[in-house]
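protein.cif (mmCIF, C-alpha atoms)
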data_final
#
loop_
_atom_site.label_atom_id
_atom_site.label_comp_id
_atom_site.auth_asym_id
_atom_site.auth_seq_id
_atom_site.Cartn_x
_atom_site.Cartn_y
_atom_site.Cartn_z
CA MET A 22 0.00 0.00 0.00
CA LEU A 23 2.67 2.47 1.02
CA ALA A 24 4.72 1.73 -2.05
CA MET A 25 1.79 2.70 -4.19
CA THR A 26 1.26 6.07 -2.58
CA GLY A 27 4.84 7.40 -2.60
CA PRO A 28 8.20 7.03 -0.88
CA ALA A 29 8.18 4.53 1.99
CA ALA A 30 9.56 7.08 4.47
CA ALA A 31 7.84 10.46 4.75
CA ASP A 32 10.24 13.34 4.37
CA THR A 33 10.03 17.11 4.62
CA ILE A 34 10.57 19.55 1.75
CA GLN A 35 11.68 23.08 2.59
CA LEU A 36 9.81 25.52 0.36
CA PHE A 37 10.53 29.26 0.09
CA ALA A 38 7.71 31.11 -1.62
CA ALA A 39 6.47 34.62 -2.44
CA GLY A 40 4.15 36.02 0.21
CA SER A 41 1.30 36.41 -2.26
CA LEU A 42 1.30 32.62 -2.72
CA LYS A 43 0.73 31.85 0.95
CA ALA A 44 -2.98 31.10 0.96
CA ALA A 45 -3.04 29.23 -2.34
CA LEU A 46 0.17 27.24 -1.85
CA THR A 47 -0.84 26.23 1.65
CA ASP A 48 -3.92 24.63 0.12
CA VAL A 49 -2.06 23.16 -2.86
CA ALA A 50 0.70 21.79 -0.60
CA LYS A 51 -1.92 19.97 1.46
CA ALA A 52 -3.14 18.25 -1.70
CA TYR A 53 0.44 17.20 -2.47
CA GLU A 54 1.00 15.96 1.08
CA ALA A 55 -2.14 13.84 0.86
CA THR A 56 -0.97 12.34 -2.44
CA SER A 57 2.70 11.79 -1.65
CA GLY A 58 2.88 11.26 2.10
CA ASN A 59 5.67 13.88 2.23
CA LYS A 60 5.51 17.11 4.20
CA ILE A 61 5.97 20.67 2.91
CA GLU A 62 7.53 23.12 5.31
CA ALA A 63 6.95 26.53 3.76
CA ARG A 64 8.38 29.94 4.48
CA TYR A 65 6.68 32.93 2.85
CA GLY A 66 8.12 36.39 2.30
CA PRO A 67 9.15 38.96 -0.31
CA SER A 68 10.77 37.14 -3.27
CA GLY A 69 13.82 39.42 -3.23
CA LEU A 70 14.49 38.75 0.44
CA LEU A 71 14.05 34.99 0.09
CA LYS A 72 16.37 34.96 -2.91
CA SER A 73 19.04 36.78 -0.90
CA GLU A 74 18.67 34.30 1.93
CA ILE A 75 19.17 31.36 -0.44
CA LEU A 76 22.25 33.08 -1.88
CA ASN A 77 23.54 33.49 1.66
CA GLY A 78 23.14 29.79 2.37
CA THR A 79 19.82 29.51 4.22
CA LYS A 80 18.53 26.02 3.60
CA ALA A 81 15.75 25.69 1.05
CA ASP A 82 15.00 22.90 -1.40
CA ILE A 83 12.61 24.81 -3.66
CA PHE A 84 12.06 28.48 -4.48
CA ALA A 85 8.65 29.58 -5.78
CA SER A 86 8.90 33.23 -6.74
CA ALA A 87 6.95 36.06 -8.23
CA ASN A 88 8.30 37.35 -11.51
CA MET A 89 11.79 38.61 -10.75
CA GLU A 90 12.53 39.98 -14.19
CA HIS A 91 11.84 43.52 -13.12
CA PRO A 92 15.04 44.33 -11.24
CA GLN A 93 17.16 43.09 -14.12
CA ALA A 94 14.99 45.00 -16.59
CA LEU A 95 15.42 48.13 -14.52
CA ARG A 96 19.17 47.71 -14.38
CA ASP A 97 19.30 47.05 -18.11
CA GLU A 98 17.18 50.10 -18.75
CA LYS A 99 19.55 52.33 -16.86
CA LYS A 100 22.47 50.99 -18.84
CA SER A 101 21.00 51.04 -22.29
CA GLY A 102 18.08 53.45 -22.35
CA PRO A 103 14.39 52.66 -22.77
CA VAL A 104 13.70 49.12 -23.90
CA SER A 105 10.18 47.73 -24.07
CA ARG A 106 10.36 44.26 -22.64
CA PHE A 107 6.93 43.91 -21.21
CA ALA A 108 5.76 42.51 -24.54
CA ARG A 109 6.35 39.04 -23.18
CA ASN A 110 3.48 39.60 -20.80
CA THR A 111 1.08 39.71 -23.70
CA LEU A 112 1.79 36.03 -24.28
CA CYS A 113 -0.56 35.06 -21.48
CA HIS A 114 -4.09 33.88 -22.18
CA TRP A 115 -6.23 36.94 -21.50
CA MET B 13 12.56 34.61 -23.30
CA HIS B 14 13.77 37.86 -24.74
CA ALA B 15 15.48 39.30 -21.70
CA LYS B 16 18.00 37.75 -19.42
CA SER B 17 15.99 37.92 -16.26
CA ALA B 18 17.13 37.99 -12.69
CA GLU B 19 15.79 34.48 -12.36
CA GLU B 20 17.89 33.35 -15.30
CA LYS B 21 20.85 35.07 -13.66
CA PHE B 22 20.06 33.19 -10.45
CA LEU B 23 20.16 29.99 -12.50
CA ALA B 24 23.24 30.98 -14.49
CA GLU B 25 25.11 31.64 -11.27
CA GLY B 26 24.34 28.05 -10.34
CA GLN B 27 22.04 28.88 -7.43
CA GLY B 28 19.01 27.17 -8.86
CA VAL B 29 18.24 24.45 -11.38
CA LYS B 30 15.70 24.81 -14.22
CA ARG B 31 12.83 27.25 -13.66
CA TYR B 32 9.31 26.02 -14.39
CA PRO B 33 6.41 28.38 -15.07
CA VAL B 34 3.56 27.34 -12.77
CA MET B 35 0.76 29.88 -12.72
CA TYR B 36 -0.20 33.51 -13.06
CA ASN B 37 -2.57 35.98 -11.48
CA ASP B 38 -2.80 39.73 -11.76
CA PHE B 39 -2.25 42.95 -9.89
CA VAL B 40 -4.97 45.49 -9.26
CA LEU B 41 -4.66 49.17 -8.41
CA ILE B 42 -6.63 49.80 -5.24
CA GLY B 43 -7.78 53.29 -4.30
CA PRO B 44 -10.22 55.29 -2.20
CA LYS B 45 -13.81 55.38 -3.46
CA SER B 46 -13.56 59.19 -3.44
CA ASP B 47 -10.93 58.71 -6.21
CA PRO B 48 -8.93 61.95 -5.85
CA ALA B 49 -6.80 61.16 -8.92
CA GLY B 50 -9.84 60.46 -11.13
CA VAL B 51 -8.59 57.05 -12.30
CA LYS B 52 -11.46 54.77 -11.31
CA GLY B 53 -12.55 52.44 -14.10
CA MET B 54 -9.53 53.14 -16.29
CA LYS B 55 -7.88 50.19 -18.05
CA ASP B 56 -4.56 51.91 -18.68
CA ILE B 57 -2.37 51.51 -15.58
CA THR B 58 0.38 53.65 -17.09
CA LYS B 59 -1.92 56.62 -17.55
CA ALA B 60 -3.48 56.07 -14.12
CA LEU B 61 -0.07 56.29 -12.43
CA GLN B 62 0.75 59.45 -14.37
CA MET B 63 -2.51 60.99 -13.13
CA ILE B 64 -1.82 59.96 -9.52
CA LYS B 65 1.56 61.65 -9.75
CA ASP B 66 0.14 64.77 -11.44
CA LYS B 67 -2.56 65.12 -8.77
CA GLN B 68 -0.11 64.17 -6.01
CA ALA B 69 -2.72 61.75 -4.72
CA PRO B 70 -1.54 59.62 -1.76
CA PHE B 71 0.12 56.36 -2.82
CA ILE B 72 1.49 53.57 -0.60
CA SER B 73 4.44 51.51 -1.84
CA ARG B 74 5.46 48.25 -0.16
CA GLY B 75 9.14 49.12 -0.56
CA ASP B 76 10.15 45.60 0.49
CA ARG B 77 11.81 44.26 -2.71
CA SER B 78 8.97 41.80 -3.20
CA GLY B 79 7.81 40.86 -6.68
CA THR B 80 4.87 43.24 -6.19
CA HIS B 81 7.15 46.11 -5.18
CA LEU B 82 9.46 45.50 -8.15
CA ALA B 83 6.47 45.34 -10.48
CA GLU B 84 5.27 48.67 -9.08
CA LEU B 85 8.68 50.27 -9.63
CA ALA B 86 8.79 48.97 -13.20
CA LEU B 87 5.34 50.42 -13.89
CA TRP B 88 6.44 53.86 -12.66
CA ASN B 89 9.94 53.95 -14.08
CA LYS B 90 9.66 51.91 -17.23
CA ASN B 91 6.08 52.20 -18.37
CA ALA B 92 4.87 55.55 -17.03
CA GLY B 93 8.22 57.22 -17.70
CA ILE B 94 8.38 58.61 -14.17
CA ASP B 95 11.62 58.37 -12.20
CA ILE B 96 9.81 57.65 -8.96
CA GLU B 97 12.91 57.99 -6.76
CA LYS B 98 13.49 61.46 -8.13
CA ASP B 99 9.92 62.62 -8.66
CA LYS B 100 8.21 61.26 -5.57
CA GLY B 101 6.92 63.73 -3.01
CA PRO B 102 5.17 63.54 0.34
CA TRP B 103 2.24 61.92 -1.50
CA TYR B 104 4.33 58.73 -2.11
CA LYS B 105 5.07 56.68 1.01
CA SER B 106 7.31 53.60 0.95
CA ILE B 107 6.66 51.50 4.05
CA GLY B 108 9.04 48.53 3.72
CA GLN B 109 6.36 46.03 4.69
CA GLY B 110 4.19 43.28 3.25
CA MET B 111 0.96 43.43 1.26
CA GLY B 112 -1.40 43.27 4.25
CA ALA B 113 0.39 46.14 5.99
CA ALA B 114 0.42 48.19 2.78
CA LEU B 115 -3.33 47.67 2.30
CA ASN B 116 -3.97 48.59 5.94
CA THR B 117 -1.91 51.76 5.56
CA ALA B 118 -3.77 52.64 2.37
CA SER B 119 -7.09 51.98 4.09
CA ALA B 120 -6.13 54.21 7.03
CA SER B 121 -4.91 57.05 4.83
CA ASN B 122 -7.28 56.73 1.84
CA ALA B 123 -4.37 56.13 -0.50
CA TYR B 124 -3.79 54.22 -3.72
CA VAL B 125 -1.80 50.97 -3.57
CA LEU B 126 -0.84 48.19 -6.00
CA SER B 127 -1.91 44.75 -4.73
CA ASP B 128 -2.03 41.21 -6.01
CA ARG B 129 -5.66 40.30 -6.50
CA GLY B 130 -5.61 37.37 -4.08
CA THR B 131 -4.47 39.40 -1.10
CA TRP B 132 -7.00 42.12 -1.95
CA ILE B 133 -9.89 39.64 -2.06
CA SER B 134 -8.84 38.13 1.27
CA PHE B 135 -8.24 41.53 2.88
CA LYS B 136 -10.74 42.16 5.68
CA ASN B 137 -10.16 45.85 6.36
CA LYS B 138 -11.18 47.30 2.99
CA GLY B 139 -12.76 50.38 4.58
CA ASP B 140 -13.33 52.97 1.87
CA LEU B 141 -11.05 51.24 -0.65
CA ALA B 142 -12.09 49.60 -3.91
CA ILE B 143 -10.47 48.39 -7.13
CA ALA B 144 -9.66 51.45 -9.23
CA VAL B 145 -7.80 49.96 -12.21
CA GLU B 146 -7.69 46.35 -13.44
CA GLY B 147 -7.37 44.38 -16.64
CA ASP B 148 -4.28 46.01 -18.19
CA LYS B 149 -1.97 43.32 -19.57
CA LEU B 150 0.91 45.10 -17.84
CA LEU B 151 -0.65 43.91 -14.58
CA PHE B 152 -0.07 40.25 -15.43
CA ASN B 153 1.99 38.49 -12.75
CA GLN B 154 3.81 35.21 -13.49
CA TYR B 155 5.05 32.78 -10.84
CA GLY B 156 7.76 30.19 -11.33
CA VAL B 157 9.35 27.45 -9.28
CA MET B 158 12.88 26.08 -9.23
CA LEU B 159 14.95 23.54 -7.37
CA VAL B 160 17.77 25.16 -5.43
CA ASN B 161 20.98 23.81 -6.95
CA PRO B 162 22.23 20.84 -4.92
CA GLU B 163 25.76 21.35 -6.29
CA LYS B 164 25.98 24.76 -4.59
CA HIS B 165 23.78 23.88 -1.66
CA PRO B 166 24.59 20.29 -0.64
CA ASN B 167 21.72 20.01 1.84
CA VAL B 168 19.11 20.27 -0.90
CA LYS B 169 16.88 17.23 -1.17
CA LYS B 170 17.14 16.97 -4.91
CA ASP B 171 14.89 14.00 -5.66
CA LEU B 172 12.21 14.99 -3.19
CA GLY B 173 12.20 18.62 -4.29
CA GLN B 174 12.00 17.66 -7.95
CA GLN B 175 9.14 15.32 -7.14
CA PHE B 176 7.14 18.25 -5.72
CA ILE B 177 7.97 20.41 -8.76
CA ASP B 178 6.92 17.58 -11.09
CA TRP B 179 3.65 17.32 -9.19
CA LEU B 180 3.04 21.09 -9.29
CA VAL B 181 3.33 21.16 -13.09
CA SER B 182 1.45 17.86 -13.57
CA PRO B 183 -2.25 17.87 -14.51
CA GLU B 184 -3.09 17.01 -10.90
CA GLY B 185 -1.05 19.87 -9.43
CA GLN B 186 -2.30 22.34 -12.03
CA LYS B 187 -5.87 21.32 -11.22
CA ALA B 188 -5.24 21.87 -7.50
CA ILE B 189 -4.05 25.41 -8.33
CA ALA B 190 -7.07 26.15 -10.53
CA ASN B 191 -9.41 24.81 -7.85
CA TYR B 192 -8.13 27.22 -5.21
CA LYS B 193 -10.81 29.86 -4.71
CA ILE B 194 -11.69 32.60 -2.25
CA ASN B 195 -15.32 33.70 -2.09
CA GLY B 196 -15.92 31.50 -5.13
CA GLU B 197 -13.35 33.38 -7.23
CA GLN B 198 -10.43 31.59 -8.91
CA LEU B 199 -7.22 33.41 -7.97
CA PHE B 200 -4.47 31.68 -9.92
CA TYR B 201 -4.41 30.40 -13.47
CA PRO B 202 -2.13 27.39 -14.05
CA ASN B 203 0.11 27.71 -17.12
CA ALA B 204 2.90 25.16 -16.78
CA ASP B 205 2.37 24.28 -20.45
CA ASP B 206 3.21 27.84 -21.56
CA HIS B 207 6.96 27.59 -22.11
CA SER B 208 7.23 31.25 -23.02
CA ALA B 209 5.95 32.29 -19.57
#
Same coordinates, now as structure tokens:
Amino acid sequence: MLAMTGPAAADTIQLFAAGSLKAALTDVAKAYEATSGNKIEARYGPSGLLKSEILNGTKADIFASANMEHPQALRDEKKSGPVSRFARNTLCHW
Amino acid sequence: MHAKSAEEKFLAEGQGVKRYPVMYNDFVLIGPKSDPAGVKGMKDITKALQMIKDKQAPFISRGDRSGTHLAELALWNKNAGIDIEKDKGPWYKSIGQGMGAALNTASASNAYVLSDRGTWISFKNKGDLAIAVEGDKLLFNQYGVMLVNPEKHPNVKKDLGQQFIDWLVSPEGQKAIANYKINGEQLFYPNADDHSA
């Protein structure tokens, strides 16, 4: 039975995620836990802060982030003048 | 992808493994019902921000380097053509806190604020605030997920982490995301199959 539902020994996954995902991912993670038998231990906060913490060695297995293109786009803009890069956003299904 | 994003840089530096698009939602511009900037019902977020600045209407910024804060800065600086650091006045307050605190501050001071839709719908202290601007494609907000690179971070549970990512982007995980609702409203739209996201 156990072999059919996932790994024999339950384990914990450390998840860092954007604060705006808290409510939804808490729910979604429960669905995963029920399916896999594993546990999700989540920490929510601003994506930029969480990213810095990972860079500084804080333990995380997975990083679920809001779109972090903006800071790079801003830096690029300052270097090279106005560039319209938001066009990629029009690729979504609206 | 057209631009080398910060996430790609994060990956290129070896901090994370492949990034998977998972889902998107959108931002909404929240403002007082009295609408001092006259932007209510507009679809053009760029023009709305220009009007807020012109009228010097109160605006609350999270100022916490979150994805929402960075999106707000990009809308001012890149899209509206306003150097917000240079042009901001007493009407623009950066609080260095999360979405709930920013909405509370906006509610207490009848100010405009950019919020993700989910937090706005869940927010209990709406007071005299309402959605002022929504529906502009510039307000689209993509989320991705990545495994932290086990070669740089030896404690990473590679197989287990990847198993969760695989589940998130699987039909079952994508359905769980689509099924998440507050007050009957779907908040996130799964799009793991959109490789351009």
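Minimum atom-to-atom distance to B:Asp56, evaluated using all atoms listed in the file, belongs to B:Leu41 out of B:Leu41, B:Leu85, B:Lys98, B:Asp171.
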Quiz item: Taking all atoms listed in the file into account, which of A:Ile34, A:Glu74, A:Lys80, A:Ser86 comes nearest A:Ser57?
Solution: A:Ile34
Practice problem: Could you tell me which residues the PyMOL selection byres ((chain B) within 7 of (chain A)) grabs in this file, written as a ChimeraX atom specification? | Solution: /B:17-19,27,76-79,82-83,86,128,131,149-150,152-160,168-169,172-173,188-189,192
Please write as a compact mmCIF listing (two decimals) with C-alpha atoms, in the frame of the given file the full residue list that the PyMOL selection byres ((chain B and resi 89-97) around 7) yields on this file.
# COMPACT_ATOMS: atom_id res chain seq x y z
CA THR B 58 0.38 53.65 -17.09
CA LYS B 59 -1.92 56.62 -17.55
CA LEU B 61 -0.07 56.29 -12.43
CA GLN B 62 0.75 59.45 -14.37
CA LEU B 85 8.68 50.27 -9.63
CA ALA B 86 8.79 48.97 -13.20
CA LEU B 87 5.34 50.42 -13.89
CA TRP B 88 6.44 53.86 -12.66
CA LYS B 98 13.49 61.46 -8.13
CA ASP B 99 9.92 62.62 -8.66
CA LYS B 100 8.21 61.26 -5.57
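The interatomic distance for the pair atom CA of A:Ala55 and atom CA of B:Trp132 works out to 28.8 Å.
Restricting the calculation to all atoms listed in the file, the smallest distance between B:Asp148 and any of B:Glu84, B:Asp206, B:Asp38, B:Asp66 is found for B:Asp38.
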